[in-house]
Structure formats: structure tokens, C-alpha cells
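For reference, the structure discussed in these notes is given below.
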Protein chains: 2
Amino acid sequence: MNSFEIRPGTTADIPALLRLIKALAEFEKAPHLVENNEAMLREDFETHRSFEFLVAELKGEIVGISLYYPRYSTWQGRCYYLEDLYVEPEQRGKGIGLALLRATAAEAKKAGANRLDWQVLDWNTLAVEFYEGEGAYVEKEWWNCKLEL
Amino acid sequence: MNSFEIRPGTTADIPALLRLIKALAEFEKAPHLVENNEAMLREDFETHRSFEFLVAELKGEIVGISLYYPRYSTWQGRCYYLEDLYVEPEQRGKGIGLALLRATAAEAKKAGANRLDWQVLDWNTLAVEFYEGEGAYVEKEWWNCKLEL
């Protein structure tokens, strides 16, 4: 029985969300860079409405997440940004990541977005192929700049 | 007299904003990709509040812009994203770009953001040096993914 459910995340899911955010950071070789915590996530979700998220539930456990929010393209107008997409390694191969990506795109479209954007690490060949297979265009000529405030 | 003023953009500045968005797209070798127009920009600014912008005014003319909005980092929490920063070529060397960047960072900080993010094209060496000189960290290992909705 591999049936899973994709549903909107709620405040009650914040502990599971943080656990999977940390697991993804580990995969990205940067677990020490996660400064976020449950209290911050709760305030940013409830008070500032900084993001929304979907969870994938399997046998009562949360095994995957997507976290997203609106962004703006001066070229194409309103878009959505998919910040994190993650499925636990032992639950892969069941279509959960694909279902999360498609559900996120559907939420973005419903909200009036013209495009869904996200990023992938240049060494993550499997993910690049997966995204291109879904029709995404992968750009390789932009670098990210970050200024601490 | 090279004195300029940085101030928040208003609906009345939308035509100048679009002119400079198009000039930046031209510099980025992609003028044909600008699908935005004055009506869309006005609705996205006034109704959806998708972005805010600053303008640099010199002798009554708008010669530079920065356009930004909130984003969310699952690692660091609330951040701001600088989508466009542009100064007309004939007005460069007067510190207008630097003033726009710093004013945008100040707005982001005032709004509670922990970091200001943006992107630079890998061939734009002058811009990379300018940003690094301001203390920005430039990441070279992420690729952008875009899915049309």
C-alpha cells in the first residue's frame, strides 16, 4: 500500500516541516546554515504569512513537503517561487515528489501566477532531468547574490 | 550638478518603471521576453501589492530604479528579493546604483528581513565586483528552473 495524500500544511505540521527542511539542508551539504526554528516558522507562517506549504502524508506520517510563496517577474508579472521540495529518501520512487511539484504548480496557477520558479544545484543531475522531464526550462547563467542585513 | 534623490515609486511612476525594465532587458539581451505592460504593472502594484520600487530622480527625470518584494528562506527566515536594479548608462558613475542598492537593503531591514537576495549574470564581471565590494556573497552552483503555467 503506497497510497499517499497531498494536503495544505497547517500550524500543527510545523515540527514535521522543520524536520524535512533540515533533512534537505543535510542533502545540500549545508545543515549548519539552518538558523530557522519552530517558533520562527510558526510566526512567519501565522503572523507574516511569508509562505504556504503542502505536505505529503503516508500512513499518518509526513514524508514530503513543498514550501512556496509569490514572487514577481518584471518580464512576466506574477509568479510563484518553490523554495523547498523534499521527499524522504526511503519514500522516493512512489511519485510523491512529482505529485508535490504538480500540486504546487496547480496552487500557483489558481492564485494567478504565470510561472513557477525554483532552483537546483548544478551537481544534482537526477533532479535536473526530473524537472526538465516535467517541462521546466533550466537556466545556467545566473549567480545568486546574498547580502546579510 | 549631479545631485539625485532616491524615493519610493508611486503609480504615477509606472511608465518610467516600464521604460527602465525594458532597458534592463535589452542589456540582458532579452528584450523580446518582456511580456509586462503598464496596465499589468499598475494592477500588480496597486491591487495585488506584488512588489514595491524605489526611483532615482535627477533634474526631474527618473534615471534609475530598484524593484523588490519579500521572499522566504527556510534556512534564515524572512528575506527580501531585489528583482531589478538599473541605472541609465549615461547616468552611471554618480553613485546612483549604490544608493539604490543601499536604500533597498535599508527598506528590507526596516521590514524585518534578515537578508537581501538578487541575481547577476555570470558574464557581468563589473556588477559581480560591485556587489562583492558591498559585502554580498556570490553563489555559483545553483541553476534557475522555470515552469510556465
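Naming scheme: A, B, ... for chains in displayed order of the C-alpha cells; residues 1 onward per chain; ligands 1 onward as shown.
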- Residues of chain B within 7 Å of chain A, only C-alpha atoms counted, as a ChimeraX atom specification: /B:21,33-36,50-51,72,74-77,109,114-122,135-149
- Message: Run DSSP on the backbone and tell me which residues of chain B come out as strand (DSSP E); list them as number ranges by chain.
- Response: B: 5-8, 52-58, 61-73, 77-87, 115-121, 137-139, 142-148
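For region 21-82 of chain B, backbone-based DSSP labels the following residues as helix (DSSP H, G or I): Ile21, Lys22, Ala23, Leu24, Ala25, Glu26, Phe27, Pro31, His32, Leu33, Glu38, Ala39, Met40, Leu41, Arg42, Glu43, Asp44, Phe45 and Glu46 of chain B.
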